[in-house]
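*Asks:* Got a structure for you, entry_35.cif, holding mmCIF, C-alpha atoms and all ligand atoms.
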data_input
#
loop_
_atom_site.label_atom_id
_atom_site.label_comp_id
_atom_site.auth_asym_id
_atom_site.auth_seq_id
_atom_site.Cartn_x
_atom_site.Cartn_y
_atom_site.Cartn_z
CA MET A 113 3.13 -29.31 -8.64
CA PRO A 114 0.05 -31.56 -8.97
CA LYS A 115 0.30 -35.32 -9.36
CA SER A 116 -1.05 -37.30 -12.27
CA ALA A 117 -0.94 -40.91 -13.34
CA PHE A 118 -2.38 -43.24 -15.92
CA VAL A 119 -3.62 -46.33 -14.06
CA ALA A 120 -4.49 -49.60 -15.84
CA ILE A 121 -7.17 -51.67 -14.13
CA ILE A 122 -6.30 -55.30 -14.75
CA GLY A 123 -7.70 -58.63 -13.61
CA ARG A 124 -9.52 -61.77 -14.69
CA PRO A 125 -12.87 -61.52 -16.48
CA SER A 126 -15.81 -60.47 -14.26
CA VAL A 127 -13.78 -59.39 -11.23
CA GLY A 128 -15.51 -55.99 -11.35
CA LYS A 129 -13.03 -53.77 -13.23
CA SER A 130 -15.67 -51.80 -15.12
CA THR A 131 -17.94 -51.55 -12.07
CA LEU A 132 -15.00 -50.09 -10.17
CA LEU A 133 -14.18 -47.60 -12.95
CA ASN A 134 -17.79 -46.40 -12.93
CA ALA A 135 -17.85 -46.13 -9.14
CA LEU A 136 -14.61 -44.12 -9.15
CA CYS A 137 -15.83 -41.77 -11.88
CA GLY A 138 -19.39 -41.47 -10.53
CA ALA A 139 -20.90 -42.22 -13.94
CA LYS A 140 -21.37 -45.04 -16.38
CA VAL A 141 -18.13 -44.95 -18.32
CA SER A 142 -17.70 -48.63 -19.10
CA ILE A 143 -20.43 -51.23 -19.59
CA VAL A 144 -20.99 -53.97 -17.02
CA SER A 145 -22.56 -57.42 -17.15
CA SER A 146 -22.31 -60.75 -15.41
CA VAL A 147 -20.98 -62.28 -18.64
CA PRO A 148 -17.16 -62.64 -18.74
CA GLN A 149 -15.30 -60.54 -21.31
CA THR A 150 -17.81 -57.74 -21.45
CA THR A 151 -15.11 -55.10 -21.91
CA ARG A 152 -13.34 -55.29 -25.27
CA ASN A 153 -11.36 -52.06 -25.47
CA ALA A 154 -9.14 -49.88 -23.29
CA ILE A 155 -11.66 -47.43 -21.85
CA ARG A 156 -10.54 -44.31 -20.03
CA GLY A 157 -12.22 -42.76 -17.02
CA ILE A 158 -10.78 -39.69 -15.32
CA ILE A 159 -11.00 -38.38 -11.77
CA THR A 160 -9.81 -34.91 -10.83
CA ARG A 161 -8.97 -33.92 -7.27
CA PRO A 162 -7.20 -30.89 -5.77
CA GLU A 163 -4.00 -33.03 -5.55
CA GLY A 164 -4.10 -34.03 -9.20
CA GLN A 165 -5.62 -36.34 -11.75
CA LEU A 166 -5.87 -40.13 -12.12
CA ILE A 167 -6.67 -41.45 -15.58
CA PHE A 168 -7.94 -45.02 -15.24
CA VAL A 169 -7.76 -47.41 -18.17
CA ASP A 170 -10.32 -50.21 -17.93
CA THR A 171 -9.11 -53.30 -19.78
CA PRO A 172 -10.65 -56.57 -21.02
CA GLY A 173 -10.53 -59.47 -18.56
CA TYR A 174 -7.18 -61.30 -18.71
CA HIS A 175 -8.11 -64.72 -19.98
CA ILE A 176 -5.88 -67.50 -21.25
CA SER A 177 -7.21 -68.97 -24.46
CA ASP A 178 -5.93 -69.32 -28.02
CA LYS A 179 -9.15 -68.13 -29.64
CA LYS A 180 -8.61 -65.16 -31.91
CA LEU A 181 -10.97 -62.89 -29.99
CA ASN A 182 -9.20 -63.67 -26.71
CA LEU A 183 -5.77 -63.11 -28.21
CA ARG A 184 -6.91 -59.68 -29.39
CA LEU A 185 -8.28 -58.86 -25.96
CA ARG A 186 -5.05 -59.96 -24.30
CA GLU A 187 -3.08 -57.70 -26.67
CA ILE A 188 -5.15 -54.75 -25.42
CA VAL A 189 -4.31 -55.66 -21.81
CA LEU A 190 -0.58 -55.99 -22.49
CA ARG A 191 -0.48 -52.78 -24.50
CA SER A 192 -2.27 -50.93 -21.70
CA LEU A 193 0.20 -52.25 -19.13
CA SER A 194 3.11 -50.94 -21.16
CA GLU A 195 1.56 -47.48 -21.52
CA VAL A 196 0.61 -46.61 -17.92
CA ASP A 197 2.35 -45.32 -14.79
CA LEU A 198 0.50 -47.50 -12.27
CA ILE A 199 -1.31 -50.83 -12.29
CA LEU A 200 -4.44 -51.48 -10.26
CA TYR A 201 -4.67 -55.26 -10.01
CA LEU A 202 -8.21 -56.25 -9.11
CA ILE A 203 -8.97 -59.66 -7.58
CA ASP A 204 -12.39 -61.15 -6.89
CA ALA A 205 -12.57 -62.26 -3.25
CA THR A 206 -15.45 -64.62 -4.01
CA ARG A 207 -13.42 -66.85 -6.34
CA GLU A 208 -10.54 -69.24 -5.69
CA PRO A 209 -7.36 -67.92 -7.27
CA GLY A 210 -6.65 -70.46 -10.00
CA LYS A 211 -4.25 -70.82 -12.89
CA GLU A 212 -5.30 -67.58 -14.51
CA GLU A 213 -4.71 -65.64 -11.29
CA GLU A 214 -1.26 -67.26 -11.04
CA ALA A 215 -0.49 -66.10 -14.58
CA ILE A 216 -1.49 -62.50 -13.85
CA ALA A 217 0.43 -62.38 -10.55
CA GLU A 218 3.48 -63.74 -12.39
CA LEU A 219 3.09 -61.19 -15.18
CA LEU A 220 2.93 -58.35 -12.64
CA SER A 221 5.66 -59.60 -10.33
CA LYS A 222 8.31 -57.57 -12.15
CA ASP A 223 6.33 -54.36 -11.64
CA ILE A 224 5.94 -54.43 -7.84
CA HIS A 225 6.84 -50.76 -7.39
CA ARG A 226 3.92 -49.60 -9.55
CA ILE A 227 1.20 -52.03 -8.45
CA VAL A 228 -1.73 -51.58 -6.09
CA VAL A 229 -3.76 -54.71 -5.37
CA ALA A 230 -7.48 -54.21 -4.73
CA ILE A 231 -9.43 -57.15 -3.34
CA ASN A 232 -13.00 -56.66 -4.58
CA LYS A 233 -16.53 -57.84 -3.69
CA ILE A 234 -15.95 -57.85 0.07
CA ASP A 235 -19.68 -57.09 0.43
CA ASP A 236 -20.48 -60.61 -0.78
CA PRO A 237 -21.10 -63.15 2.00
CA GLU A 238 -19.00 -65.64 -0.01
CA ALA A 239 -16.00 -63.30 -0.04
CA ARG A 240 -12.79 -64.66 1.50
CA PRO A 241 -10.36 -61.73 1.46
CA LEU A 242 -7.88 -63.44 3.78
CA LEU A 243 -7.46 -66.30 1.34
CA ILE A 244 -6.67 -63.75 -1.36
CA GLU A 245 -4.16 -62.00 0.91
CA GLU A 246 -2.42 -65.35 1.45
CA PHE A 247 -2.24 -65.77 -2.31
CA ILE A 248 -0.94 -62.26 -2.97
CA ILE A 249 1.61 -61.67 -0.21
CA PRO A 250 4.25 -64.21 -1.32
CA ARG A 251 3.72 -63.50 -5.02
CA LEU A 252 3.70 -59.69 -4.96
CA ARG A 253 5.74 -58.99 -1.86
CA GLY A 254 5.61 -55.33 -0.88
CA ALA A 255 2.74 -54.34 -3.14
CA LYS A 256 0.13 -52.13 -1.45
CA ARG A 257 -3.26 -53.79 -0.82
CA VAL A 258 -6.76 -52.41 -0.24
CA SER A 259 -9.97 -54.41 0.27
CA ILE A 260 -12.96 -52.83 -1.48
CA SER A 261 -16.48 -53.24 -2.72
CA ALA A 262 -17.00 -51.56 -6.09
CA VAL A 263 -20.76 -52.07 -5.88
CA GLU A 264 -21.12 -50.58 -2.39
CA LYS A 265 -18.29 -48.05 -2.92
CA THR A 266 -16.47 -49.27 0.21
CA ASN A 267 -12.89 -48.07 0.77
CA LEU A 268 -12.67 -46.32 -2.58
CA GLU A 269 -11.30 -43.17 -0.95
CA SER A 270 -8.47 -45.23 0.63
CA LEU A 271 -7.77 -46.73 -2.77
CA ILE A 272 -7.58 -43.29 -4.39
CA GLU A 273 -5.29 -42.10 -1.61
CA VAL A 274 -2.90 -45.03 -2.13
CA LEU A 275 -2.85 -44.40 -5.88
CA PHE A 276 -2.07 -40.71 -5.41
CA SER A 277 0.73 -41.64 -2.97
CA LEU A 278 2.42 -43.58 -5.79
CA ALA A 279 1.59 -41.13 -8.61
CA PRO A 280 4.41 -39.03 -10.05
CA GLU A 281 4.21 -35.27 -10.31
CA GLY A 282 2.58 -34.26 -13.54
CA PRO A 283 0.08 -32.00 -15.27
CA PHE A 284 -3.70 -32.24 -15.42
CA TRP A 285 -4.11 -34.01 -18.77
CA TYR A 286 -7.84 -33.31 -19.07
CA PRO A 287 -10.15 -30.41 -18.16
CA GLU A 288 -11.57 -31.08 -14.70
CA ASP A 289 -15.17 -31.63 -15.83
CA ILE A 290 -14.23 -34.44 -18.24
CA TYR A 291 -14.68 -37.97 -16.86
CA THR A 292 -14.13 -39.95 -20.06
CA ASP A 293 -12.57 -39.30 -23.45
CA GLN A 294 -14.62 -41.81 -25.44
CA GLU A 295 -16.13 -40.74 -28.76
CA PRO A 296 -19.93 -40.43 -28.41
CA VAL A 297 -20.67 -43.03 -31.10
CA PHE A 298 -18.38 -45.57 -29.44
CA ARG A 299 -20.06 -44.97 -26.10
CA ILE A 300 -23.54 -45.25 -27.61
CA GLY A 301 -22.58 -48.52 -29.32
CA GLU A 302 -21.24 -49.91 -26.03
CA LEU A 303 -24.52 -49.15 -24.27
CA VAL A 304 -26.41 -50.90 -27.05
CA ARG A 305 -24.11 -53.89 -26.55
CA GLU A 306 -24.70 -53.87 -22.79
CA LYS A 307 -28.46 -53.90 -23.26
CA ALA A 308 -28.17 -56.61 -25.93
CA ILE A 309 -26.11 -58.77 -23.54
CA LEU A 310 -28.48 -58.17 -20.62
CA ASN A 311 -31.51 -59.19 -22.66
CA THR A 312 -30.02 -62.29 -24.30
CA TYR A 313 -27.08 -63.61 -22.24
CA GLN A 314 -28.76 -66.85 -21.24
CA GLU A 315 -28.93 -67.91 -24.87
CA LEU A 316 -25.92 -66.14 -26.38
CA PRO A 317 -23.22 -65.19 -23.93
CA HIS A 318 -20.38 -64.48 -26.36
CA ALA A 319 -21.81 -64.11 -29.82
CA ILE A 320 -22.78 -60.43 -29.86
CA ALA A 321 -20.91 -57.47 -31.28
CA VAL A 322 -22.18 -54.03 -32.15
CA GLU A 323 -21.03 -52.07 -35.16
CA TYR A 324 -21.62 -48.39 -35.84
CA ARG A 325 -23.15 -47.60 -39.23
CA GLU A 326 -23.97 -43.89 -39.42
CA SER A 327 -25.42 -40.94 -37.56
CA SER A 328 -26.78 -37.49 -38.29
CA LYS A 329 -27.92 -34.61 -36.16
CA ARG A 330 -31.23 -33.06 -37.13
CA ALA A 331 -31.86 -29.31 -37.08
CA ASP A 332 -33.81 -29.72 -33.84
CA GLY A 333 -30.72 -31.22 -32.14
CA VAL A 334 -31.79 -34.88 -32.11
CA LEU A 335 -29.00 -37.31 -33.00
CA PHE A 336 -30.11 -40.28 -35.09
CA ALA A 337 -27.63 -43.13 -34.81
CA ARG A 338 -27.74 -46.45 -36.63
CA PHE A 339 -26.00 -49.60 -35.36
CA ASP A 340 -25.87 -53.23 -36.41
CA ILE A 341 -26.01 -55.94 -33.78
CA LEU A 342 -23.81 -58.76 -35.09
CA VAL A 343 -24.56 -62.39 -34.36
CA GLU A 344 -23.15 -65.58 -35.85
CA ARG A 345 -26.24 -67.57 -36.80
CA ASP A 346 -29.82 -67.08 -37.98
CA SER A 347 -31.12 -68.75 -34.81
CA GLN A 348 -29.29 -66.10 -32.77
CA LYS A 349 -30.75 -63.36 -34.92
CA ALA A 350 -34.22 -64.60 -33.99
CA ILE A 351 -33.29 -64.48 -30.28
CA VAL A 352 -32.09 -60.88 -30.47
CA ILE A 353 -35.16 -59.76 -32.40
CA GLY A 354 -37.57 -61.64 -30.14
CA ARG A 355 -41.22 -62.41 -30.72
CA GLN A 356 -42.67 -59.62 -32.88
CA GLY A 357 -39.54 -57.59 -32.34
CA SER A 358 -40.06 -57.43 -28.57
CA ILE A 359 -36.43 -58.00 -27.54
CA ILE A 360 -34.78 -55.61 -29.97
CA LYS A 361 -37.37 -53.00 -29.01
CA ARG A 362 -36.47 -53.46 -25.34
CA ILE A 363 -32.73 -53.21 -26.13
CA ARG A 364 -33.39 -49.93 -27.96
CA GLU A 365 -35.60 -48.47 -25.22
CA GLU A 366 -33.24 -49.40 -22.39
CA ALA A 367 -30.24 -47.98 -24.26
CA GLU A 368 -32.12 -44.76 -25.08
CA ALA A 369 -33.14 -44.39 -21.41
CA ASP A 370 -29.49 -44.62 -20.28
CA LEU A 371 -28.36 -42.28 -23.03
CA LYS A 372 -30.79 -39.66 -21.74
CA GLU A 373 -28.80 -39.56 -18.51
CA LEU A 374 -25.43 -39.37 -20.23
CA PHE A 375 -25.85 -36.92 -23.11
CA ASP A 376 -27.30 -33.43 -23.15
CA TYR A 377 -28.98 -33.93 -26.54
CA PRO A 378 -31.70 -36.47 -27.41
CA ILE A 379 -30.55 -39.65 -29.16
CA LYS A 380 -32.76 -41.89 -31.28
CA LEU A 381 -31.40 -45.33 -32.14
CA GLN A 382 -32.02 -47.48 -35.16
CA LEU A 383 -30.92 -51.05 -34.54
CA GLN A 384 -30.67 -53.88 -37.01
CA VAL A 385 -29.48 -57.44 -36.45
CA ARG A 386 -26.94 -58.75 -38.95
CA VAL A 387 -25.66 -62.32 -39.26
CA ASP A 388 -21.91 -62.50 -39.78
CA PRO A 389 -20.88 -66.14 -39.22
CA ASP A 390 -17.21 -65.32 -38.94
CA TRP A 391 -16.92 -62.10 -36.99
CA ARG A 392 -15.02 -63.75 -34.15
CA LYS A 393 -12.57 -65.37 -36.56
CA SER A 394 -12.16 -62.64 -39.14
CA ASP A 395 -9.23 -60.27 -38.68
CA SER A 396 -10.97 -57.40 -40.40
CA ALA A 397 -14.17 -57.75 -38.36
CA LEU A 398 -12.15 -58.01 -35.13
CA SER A 399 -10.14 -54.93 -36.07
CA ARG A 400 -13.34 -52.94 -36.51
CA ILE A 401 -14.62 -54.04 -33.10
CA ILE A 402 -11.46 -54.24 -30.95
CA PHE A 403 -8.89 -51.46 -31.26
N1 LIG A 501 -21.10 -58.38 -4.99
C1 LIG A 501 -20.36 -57.64 -5.81
N2 LIG A 501 -20.46 -57.81 -7.14
C2 LIG A 501 -19.68 -57.03 -7.93
C3 LIG A 501 -18.78 -56.06 -7.40
N3 LIG A 501 -18.14 -55.47 -8.44
C4 LIG A 501 -18.64 -56.04 -9.56
N4 LIG A 501 -19.57 -56.97 -9.28
C5 LIG A 501 -20.35 -57.79 -10.24
O1 LIG A 501 -19.47 -58.58 -11.00
C6 LIG A 501 -19.96 -58.74 -12.35
C7 LIG A 501 -18.90 -58.34 -13.34
O2 LIG A 501 -18.68 -56.95 -13.24
P1 LIG A 501 -17.87 -56.15 -14.36
O3 LIG A 501 -17.61 -54.79 -13.79
O4 LIG A 501 -18.54 -56.23 -15.69
O5 LIG A 501 -16.52 -57.00 -14.38
P2 LIG A 501 -15.24 -56.82 -15.34
O6 LIG A 501 -14.05 -57.19 -14.52
O7 LIG A 501 -15.24 -55.46 -15.94
O8 LIG A 501 -15.52 -57.93 -16.43
P3 LIG A 501 -14.91 -58.06 -17.94
O9 LIG A 501 -15.07 -56.74 -18.63
O10 LIG A 501 -15.75 -59.09 -18.55
O11 LIG A 501 -13.49 -58.47 -17.76
C8 LIG A 501 -21.23 -57.89 -12.43
O12 LIG A 501 -22.34 -58.74 -12.26
C9 LIG A 501 -21.07 -56.91 -11.28
O13 LIG A 501 -22.31 -56.45 -10.76
C10 LIG A 501 -18.72 -55.90 -5.97
O14 LIG A 501 -18.01 -55.08 -5.40
N5 LIG A 501 -19.53 -56.73 -5.23
MG MG A 502 -15.26 -54.89 -17.90
#
Any chance you could put this one into structure tokens?
*Replies:*
Amino acid sequence: MPKSAFVAIIGRPSVGKSTLLNALCGAKVSIVSSVPQTTRNAIRGIITRPEGQLIFVDTPGYHISDKKLNLRLREIVLRSLSEVDLILYLIDATREPGKEEEAIAELLSKDIHRIVVAINKIDDPEARPLLIEEFIIPRLRGAKRVSISAVEKTNLESLIEVLFSLAPEGPFWYPEDIYTDQEPVFRIGELVREKAILNTYQELPHAIAVEYRESSKRADGVLFARFDILVERDSQKAIVIGRQGSIIKRIREEAEADLKELFDYPIKLQLQVRVDPDWRKSDSALSRIIF
């Protein structure tokens, strides 16, 4: 009987959860940036091996804040934890474990038997994995630990081996050539958001969302897809558009270049910037973006 497990990847913002998911799956499944709280949904990436299947669930960074957006993101994390077999707790070896790390370790302490701790970014000269071990051992006594670099793909095979050793027997949930179950339009919108963040994060780290409008496939197979980039103020709209449309053009071109690698049909994007002053406070806007 093969083994299979759903595995939630959890950790503070920017510890490298999405980078790790992509490294494990060998493809861009979840968007990555240096800005905290890049991931806003539970995103699945699947690996299939002769011994079975691991279905990873990338989650938003666990962040303590009473802002509506953060509360929504935390709900996604907690829901994911309750739905999976195993928990992959990722810690950034370049940062001091602070209050937030304490809160996560405390949250996970009742789940010791289904936790694997991965200490990430050991490639970084600033990394202090021993300090992290000292933090983890008394708090999550008995939990398995692996030190890794998601960027350099160090020790990922050991990590997969440890996860399979804890996985229950179970069926292959997905065909073996599937590495993510995201809807194409969601994935396209996420890539647009990644490129929008990368091109504007110095001026607007948190204020961007991307909303799908419509798409149609032409007879020649080209998919036309229209998205709105949401910002909160007119001044931010000007930043995203750039001088003579230079920034929004770059966002479109970079997203289309990545899409070429990911989809076997051509995709043409139409992007428009929309000001919605309240998207981070409005329940209906948040429900359209985070689900
Ligand atoms: N040096 C180094 N940097 C890494 C590693 N893994 C991730 N990073 C960097 O850390 C930053 C955050 O990476 P993400 O994968 O977006 O982190 P995340 O945990 O998914 O972040 P949120 O979705 O915001 O919670 C990016 O700049 C990555 O390049 C690693 O193994 N080594
Ligand atoms: Mg992420």
*Asks:* Which residue out of A:Ala279, A:Leu185, A:Val297, A:Ile249 has the minimum interatomic distance to Ile167 in chain A when only C-alpha atoms are used?
*Replies:*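 Result for the nearest residue to Ile167 in chain A: A:Ala279.
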*Asks:* I'd like a table as CSV: residues in chain A with an atom no more than 8 Å from ligand MG 502 (chain A), each row giving the shortest atom pair and its distance in Å to one decimal, only C-alpha atoms and all ligand atoms counted, sorted by chain and rising residue number.
*Replies:*
residue,atom,partner,partner_atom,distance
A:Pro125,CA,A:MG502,MG,7.2
A:Ser126,CA,A:MG502,MG,6.7
A:Gly128,CA,A:MG502,MG,6.6
A:Lys129,CA,A:MG502,MG,5.3
A:Ser130,CA,A:MG502,MG,4.2
A:Thr131,CA,A:MG502,MG,7.2
A:Ser142,CA,A:MG502,MG,6.8
A:Ile143,CA,A:MG502,MG,6.6
A:Val144,CA,A:MG502,MG,5.9
A:Ser145,CA,A:MG502,MG,7.8
A:Gln149,CA,A:MG502,MG,6.6
A:Thr150,CA,A:MG502,MG,5.2
A:Thr151,CA,A:MG502,MG,4.0
A:Arg152,CA,A:MG502,MG,7.6
A:Asp170,CA,A:MG502,MG,6.8
A:Thr171,CA,A:MG502,MG,6.6
A:Pro172,CA,A:MG502,MG,5.8
A:Gly173,CA,A:MG502,MG,6.6
*Asks:* How far is it from CA of Glu288 in chain A to atom O7 of ligand LIG 501 (chain A), in Å with one decimal?
*Replies:* 24.7 Å
*Asks:* Kindly indicate which residue among A:Ile300, A:Ala205, A:Ala154, A:Val343 lies nearest to Leu243 in chain A, using all atoms listed in the file for the distances.
*Replies:*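 With all atoms listed in the file as the atom set, the closest residue is A:Ala205.
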*Asks:* At what distance in Å, to one decimal, does CA of Ser261 in chain A lie from CA of Asn311 in chain A?
*Replies:*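 Atom-to-atom, CA of Asn311 in chain A to CA of Ser261 in chain A, that is 25.7 Å.
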*Asks:* If we count all atoms listed in the file, what is near Trp285 in chain A at a cut-off of 10 Å, once residues fewer than 2 positions away on the same chain are taken out, given as an MDAnalysis selection string?
*Replies:* chainID A and resid 116:118 158 160 164:167 282:283 287:288
*Asks:* Compare A:Arg362, A:Lys372, A:Arg124, A:Arg392 by their minimum atom-to-atom distance to Glu208 in chain A, counting all atoms listed in the file, and give me the closest one.
*Replies:*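 Result for the nearest residue to Glu208 in chain A: A:Arg124.
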*Asks:* Take CA of Ile159 in chain A and atom C2 of ligand LIG 501 (chain A) and report the distance between them in Å, one decimal.
*Replies:* 20.9 Å
*Asks:* Using only C-alpha atoms - which residues lie no farther than 12 Å from the point (0.3, -50.2, -20.0) in the file's frame? Write them as a ChimeraX atom specification.
*Replies:* /A:117-122,154,168-171,186-200,220,223,226-227
*Asks:* Which residue is closest to Lys256 in chain A? Choose from A:Ile359, A:Leu268, A:Val228, A:Leu242 and count all atoms listed in the file.
*Replies:*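 Checking each of A:Ile359, A:Leu268, A:Val228, A:Leu242 against Lys256 in chain A, counting all atoms listed in the file, the winner is A:Val228.
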*Asks:* Of the candidates A:Phe403, A:Glu323, A:Phe336, A:Ile353, which one gets nearest to Lys380 in chain A if we count all atoms listed in the file?
*Replies:* A:Phe336
